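upload.txt (compact mmCIF, C-alpha atoms) appears below.
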```txt
# COMPACT_ATOMS: atom_id res chain seq x y z
CA MET J 1 0.00 0.00 0.00
CA ASN J 2 1.42 3.39 -0.92
CA ARG J 3 1.85 6.17 1.61
CA ALA J 4 -1.22 8.20 0.53
CA ALA J 5 -3.45 5.11 0.71
CA ALA J 6 -2.12 4.24 4.17
CA ILE J 7 -2.82 7.77 5.45
CA LYS J 8 -6.30 7.68 3.92
CA SER J 9 -6.96 4.27 5.48
CA PHE J 10 -5.74 5.49 8.87
CA ALA J 11 -7.97 8.58 8.68
CA MET J 12 -11.03 6.53 7.69
CA THR J 13 -10.43 4.02 10.49
CA ASN J 14 -10.06 6.88 12.96
CA MET J 15 -13.33 8.45 11.77
CA LEU J 16 -15.15 5.12 12.17
CA LEU J 17 -13.73 4.66 15.68
CA GLU J 18 -14.75 8.22 16.62
CA ALA J 19 -18.28 7.58 15.35
CA ASP J 20 -18.47 4.36 17.39
CA LEU J 21 -17.22 6.18 20.49
CA ASP J 22 -19.83 8.92 19.90
CA LEU J 23 -22.53 6.24 19.91
CA ILE J 24 -21.18 4.68 23.12
CA GLU J 25 -21.10 8.09 24.85
CA LYS J 26 -24.65 8.82 23.73
CA LYS J 27 -26.02 5.36 24.61
CA TYR J 28 -24.49 5.25 28.10
CA GLN J 29 -24.65 9.02 28.70
CA ILE J 30 -20.98 9.25 29.56
CA ASN J 31 -18.12 11.51 28.55
CA LEU J 32 -14.99 9.61 27.63
CA GLY J 33 -12.96 12.80 27.73
CA ARG J 34 -12.11 12.83 24.05
CA GLY J 35 -12.33 16.61 23.83
CA THR J 36 -15.75 16.59 22.19
CA ASP J 37 -17.16 19.16 24.61
CA LYS J 38 -17.42 22.42 22.79
CA THR J 39 -16.88 25.39 25.06
CA SER J 40 -18.75 28.58 24.46
CA GLN J 41 -17.10 31.76 23.29
CA ILE J 42 -17.57 33.18 26.79
CA GLU J 43 -15.74 30.23 28.35
CA ASP J 44 -12.93 30.49 25.84
CA ALA J 45 -12.56 34.26 26.16
CA TYR J 46 -13.34 34.99 29.80
CA TYR J 47 -12.98 31.89 31.97
CA PRO J 48 -9.16 31.83 31.66
CA GLN J 49 -9.08 35.41 32.96
CA PHE J 50 -10.33 34.30 36.38
CA ASP J 51 -7.68 33.57 38.98
CA ALA J 52 -6.36 30.00 38.73
CA ALA J 53 -7.10 29.31 42.41
CA LEU J 54 -10.71 30.37 41.89
CA ARG J 55 -11.05 28.09 38.85
CA ILE J 56 -9.63 25.18 40.88
CA GLU J 57 -12.07 25.91 43.72
CA ALA J 58 -14.99 26.05 41.24
CA HIS J 59 -13.95 22.71 39.76
CA GLY J 60 -13.92 21.13 43.22
CA MET J 61 -17.33 22.57 44.09
CA ALA J 62 -18.90 21.47 40.79
CA LYS J 63 -19.31 17.87 41.98
CA HIS J 64 -21.26 19.05 45.05
CA TYR J 65 -23.50 21.16 42.84
CA GLU J 66 -24.14 18.15 40.60
CA VAL J 67 -25.11 16.04 43.61
CA PHE J 68 -27.52 18.69 44.86
CA TYR J 69 -28.94 19.26 41.41
CA CYS J 70 -29.77 15.55 41.16
CA LEU J 71 -31.07 15.39 44.73
CA GLU J 72 -33.36 18.41 44.45
CA LYS J 73 -34.71 17.37 41.04
CA SER J 74 -35.31 13.82 42.28
CA ILE J 75 -37.20 15.07 45.36
CA ARG J 76 -39.42 17.20 43.12
CA GLN J 77 -40.07 14.16 40.92
CA LEU J 78 -40.80 12.02 43.99
CA ILE J 79 -43.44 14.54 45.11
CA VAL J 80 -44.99 14.67 41.64
CA ASP J 81 -45.05 10.85 41.41
CA VAL J 82 -46.74 10.49 44.82
CA PHE J 83 -49.29 13.20 44.05
CA GLU J 84 -50.05 11.85 40.59
CA GLY J 85 -50.54 8.46 42.23
CA THR J 86 -53.52 9.94 44.10
CA GLU J 87 -55.20 10.51 40.72
CA ASP J 88 -56.10 14.02 41.90
CA GLN J 89 -55.82 16.02 38.67
CA GLU J 90 -55.69 19.26 40.69
CA TRP J 91 -53.01 18.09 43.12
CA TRP J 92 -51.10 21.39 42.93
CA GLU J 93 -54.17 23.30 44.08
CA ASN J 94 -55.44 20.68 46.51
CA LEU J 95 -52.30 19.27 48.14
CA VAL J 96 -49.63 22.00 48.14
CA PRO J 97 -49.61 24.35 51.17
CA GLU J 98 -50.96 27.83 50.44
CA THR J 99 -47.74 29.60 51.46
CA VAL J 100 -45.78 27.53 48.94
CA LYS J 101 -48.27 28.32 46.16
CA ILE J 102 -48.05 32.05 46.98
CA ASN J 103 -44.23 31.99 46.89
CA VAL J 104 -44.27 30.09 43.59
CA LYS J 105 -46.66 32.62 42.04
CA LYS J 106 -44.33 35.44 43.13
CA SER J 107 -41.31 33.64 41.64
CA ILE J 108 -43.08 33.01 38.35
CA LYS J 109 -44.19 36.65 38.17
CA ARG J 110 -40.70 37.93 39.00
CA GLU J 111 -39.18 35.69 36.33
CA LYS J 112 -41.74 36.77 33.74
CA GLU J 113 -41.14 40.46 34.51
CA SER J 114 -37.39 40.04 34.09
CA ALA J 115 -37.92 38.81 30.51
CA VAL J 116 -35.77 35.70 30.91
CA THR J 117 -36.69 32.33 29.48
CA PRO J 118 -39.06 30.61 31.92
CA ARG J 119 -37.30 27.80 33.75
CA SER J 120 -40.35 25.54 33.53
CA SER J 121 -44.05 25.33 32.92
CA ASP J 122 -44.48 23.25 36.10
CA PRO J 123 -45.02 25.19 39.34
CA ILE J 124 -43.16 22.52 41.34
CA ASP J 125 -39.95 23.65 39.61
CA TYR J 126 -40.27 27.06 41.30
CA THR J 127 -40.28 25.66 44.82
CA THR J 128 -37.28 26.06 47.09
CA PHE J 129 -35.54 23.11 48.68
CA GLY J 130 -37.07 24.00 52.06
CA GLU J 131 -40.54 24.18 50.54
CA LEU J 132 -40.17 20.64 49.25
CA GLY J 133 -39.91 19.47 52.86
CA GLU J 134 -42.98 21.53 53.76
CA ILE J 135 -44.98 19.90 50.95
CA ILE J 136 -43.99 16.45 52.22
CA LYS J 137 -44.84 17.31 55.85
CA ALA J 138 -48.22 18.77 54.87
CA ASN J 139 -49.02 15.50 53.09
CA TRP J 140 -47.46 13.07 55.52
CA SER J 141 -50.40 10.70 55.16
CA LEU J 142 -49.27 10.12 51.56
CA PHE J 143 -45.53 9.93 52.26
CA GLY J 144 -45.20 8.42 55.74
CA GLY J 145 -44.66 4.68 55.85
CA VAL J 146 -44.78 4.51 52.05
CA VAL J 147 -41.82 6.67 51.04
CA PHE J 148 -40.31 7.73 54.36
CA ASN J 149 -39.75 5.80 57.56
CA ASP J 150 -40.26 8.62 60.07
CA LEU J 151 -41.40 12.26 59.99
CA LYS J 152 -38.78 13.53 62.48
CA ALA J 153 -36.01 11.76 60.57
CA MET J 154 -37.21 13.29 57.29
CA GLU J 155 -37.32 16.77 58.87
CA LYS J 156 -33.85 16.36 60.37
CA VAL J 157 -32.27 15.15 57.12
CA MET J 158 -34.00 17.81 54.99
CA SER J 159 -32.83 20.50 57.43
CA ALA J 160 -29.25 19.22 57.35
CA LEU J 161 -29.29 19.06 53.56
CA ASN J 162 -30.77 22.55 53.29
CA SER J 163 -27.99 23.93 55.50
CA LEU J 164 -25.38 22.25 53.32
CA ARG J 165 -27.12 23.43 50.14
CA ASN J 166 -26.68 27.11 50.97
CA PRO J 167 -22.90 27.38 50.47
CA ILE J 168 -23.13 25.23 47.34
CA ALA J 169 -25.92 27.29 45.80
CA HIS J 170 -24.34 30.59 46.82
CA CYS J 171 -20.83 29.89 45.53
CA SER J 172 -18.96 29.35 48.76
CA PRO J 173 -16.52 26.49 49.24
CA LEU J 174 -17.44 23.63 51.53
CA ALA J 175 -15.06 22.99 54.37
CA GLU J 176 -13.65 19.47 54.59
CA ASP J 177 -15.97 18.69 57.52
CA GLU J 178 -18.98 19.90 55.53
CA VAL J 179 -18.06 17.67 52.59
CA LEU J 180 -18.14 14.72 54.99
CA ARG J 181 -21.40 16.01 56.48
CA LEU J 182 -22.89 16.20 52.97
CA GLU J 183 -21.91 12.61 52.27
CA LEU J 184 -23.45 11.47 55.56
CA ALA J 185 -26.63 13.49 54.96
CA LEU J 186 -27.00 11.91 51.53
CA ARG J 187 -26.58 8.47 53.08
CA ASP J 188 -29.24 9.42 55.63
CA TRP J 189 -31.55 10.59 52.84
CA PHE J 190 -31.33 7.29 51.01
CA ARG J 191 -31.67 5.39 54.29
CA ILE J 192 -34.92 7.13 55.27
CA THR J 193 -36.41 6.65 51.79
CA SER J 194 -35.81 2.93 51.65
```
In structure tokens, what does this structure look like?
Amino acid sequence: MNRAAAIKSFAMTNMLLEADLDLIEKKYQINLGRGTDKTSQIEDAYYPQFDAALRIEAHGMAKHYEVFYCLEKSIRQLIVDVFEGTEDQEWWENLVPETVKINVKKSIKREKESAVTPRSSDPIDYTTFGELGEIIKANWSLFGGVVFNDLKAMEKVMSALNSLRNPIAHCSPLAEDEVLRLELALRDWFRITS
């Protein structure tokens, strides 16, 4: 095989392998770190201008944010699943505490007035983490014994998680002890929901 044909063959094989790896990443929802993530112009132009120590701190905090993102979204979905299981088509109006509904209406109005893209069409997505616990407590007859083992345990774990959420959501680093506390609180969460 001549040199040009060998180079062409190598390039074609590489393209086929890349396509197969793309399919694997998509199928298993993983990132194999092949540099396929395209950064935005803002990231390319401005992110490097931040202090290196700050970028390192942000990278370390990102994993805690991801955990809380998943936790909070899964609690919202848990509430929706339980409420939809009641077959009450008006569960938002009938089962959610009035103070939560008022706060959600204010948040939706504020977001609409600021002319940003709405985060969701579902009111549950406008609740705070603390309000999720209030919704569960107000409907303990639906959650107790079925989803959660004990009301006091649920309140304690939700309170601990909410305290740990604040520095994560408000861009403050977690102390080493708080990282351990977060891990333990997550273990507690999964323990009380089993």
**Spatial neighbours of Gly130 in chain J, 10 Å, only C-alpha atoms, chain gap at least 4 places, as an MDAnalysis selection string** = chainID J and resid 100 134:135 155 158:159 161:163
Include C-alpha atoms and write out the residues we just selected as a compact mmCIF listing (two decimals), in the frame of the given file.
```txt
# COMPACT_ATOMS: atom_id res chain seq x y z
CA VAL J 100 -45.78 27.53 48.94
CA GLU J 134 -42.98 21.53 53.76
CA ILE J 135 -44.98 19.90 50.95
CA GLU J 155 -37.32 16.77 58.87
CA MET J 158 -34.00 17.81 54.99
CA SER J 159 -32.83 20.50 57.43
CA LEU J 161 -29.29 19.06 53.56
CA ASN J 162 -30.77 22.55 53.29
CA SER J 163 -27.99 23.93 55.50
```
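You can rank J:Leu174, J:Val80, J:Ala160, J:Leu180 by their closest distance to Phe143 in chain J using all atoms listed in the file, and at the top of that list sits J:Val80.
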**Message:** Residues within 8 Å of range 56-66 of chain J, please, as an NGL selection string. Count only C-alpha atoms; anything in the same chain fewer than 3 positions from it doesn't count.
**Reply:** :J and (52-53 or 69-70 or 168-169 or 173-174)
**Request:** Record the distance separating CA of Glu90 in chain J and CA of Asn139 in chain J, expressed in Å with one decimal.
**Result:**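 These atoms are spaced 14.6 Å apart.
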**Request:** Between CA of Arg165 in chain J and CA of Gln49 in chain J, measure the distance and give it in Å to one decimal.
**Result:** 27.6 Å
**Request:** Figure out the distance between CA of Arg119 in chain J and CA of Thr99 in chain J, please, to one decimal in Å.
**Result:**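 Value for the CA of Thr99 in chain J-CA of Arg119 in chain J distance: 20.6 Å.
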**Request:** With a distance cut-off of 12 Å and all atoms listed in the file, select the neighbouring residues of Lys106 in chain J, excluding the residue or stretch itself and same-chain residues fewer than 6 positions from it, and output the selection as a ChimeraX atom specification.
**Result:** /J:99-100,112-113,123,126-127
Could the residues in this selection be written to a file with C-alpha atoms, as a compact mmCIF listing (two decimals), in the frame of the given file?
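Saved result, result-v1.txt, follows:
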```txt
# COMPACT_ATOMS: atom_id res chain seq x y z
CA THR J 99 -47.74 29.60 51.46
CA VAL J 100 -45.78 27.53 48.94
CA LYS J 112 -41.74 36.77 33.74
CA GLU J 113 -41.14 40.46 34.51
CA PRO J 123 -45.02 25.19 39.34
CA TYR J 126 -40.27 27.06 41.30
CA THR J 127 -40.28 25.66 44.82
```
Neighbouring residues of Ala138 in chain J were defined as those with any atom within 9 Å, considering all atoms listed in the file; residues of the same chain fewer than 3 positions away were excluded. Please report them as a short mmCIF file (atom, residue, chain, number, x, y, z; two decimals) with C-alpha atoms, in the coordinates of the input.
```
data_model
loop_
_atom_site.label_atom_id
_atom_site.label_comp_id
_atom_site.auth_asym_id
_atom_site.auth_seq_id
_atom_site.Cartn_x
_atom_site.Cartn_y
_atom_site.Cartn_z
CA LEU J 95 -52.30 19.27 48.14
CA VAL J 96 -49.63 22.00 48.14
CA PRO J 97 -49.61 24.35 51.17
CA GLY J 133 -39.91 19.47 52.86
CA GLU J 134 -42.98 21.53 53.76
CA ILE J 135 -44.98 19.90 50.95
CA SER J 141 -50.40 10.70 55.16
#
```
**Asked** Given the choices J:Val104, J:Ile79, J:Ala19, J:Ala4, which gets closest to Ser120 in chain J if the distance is worked out from only C-alpha atoms?
**Response** J:Val104
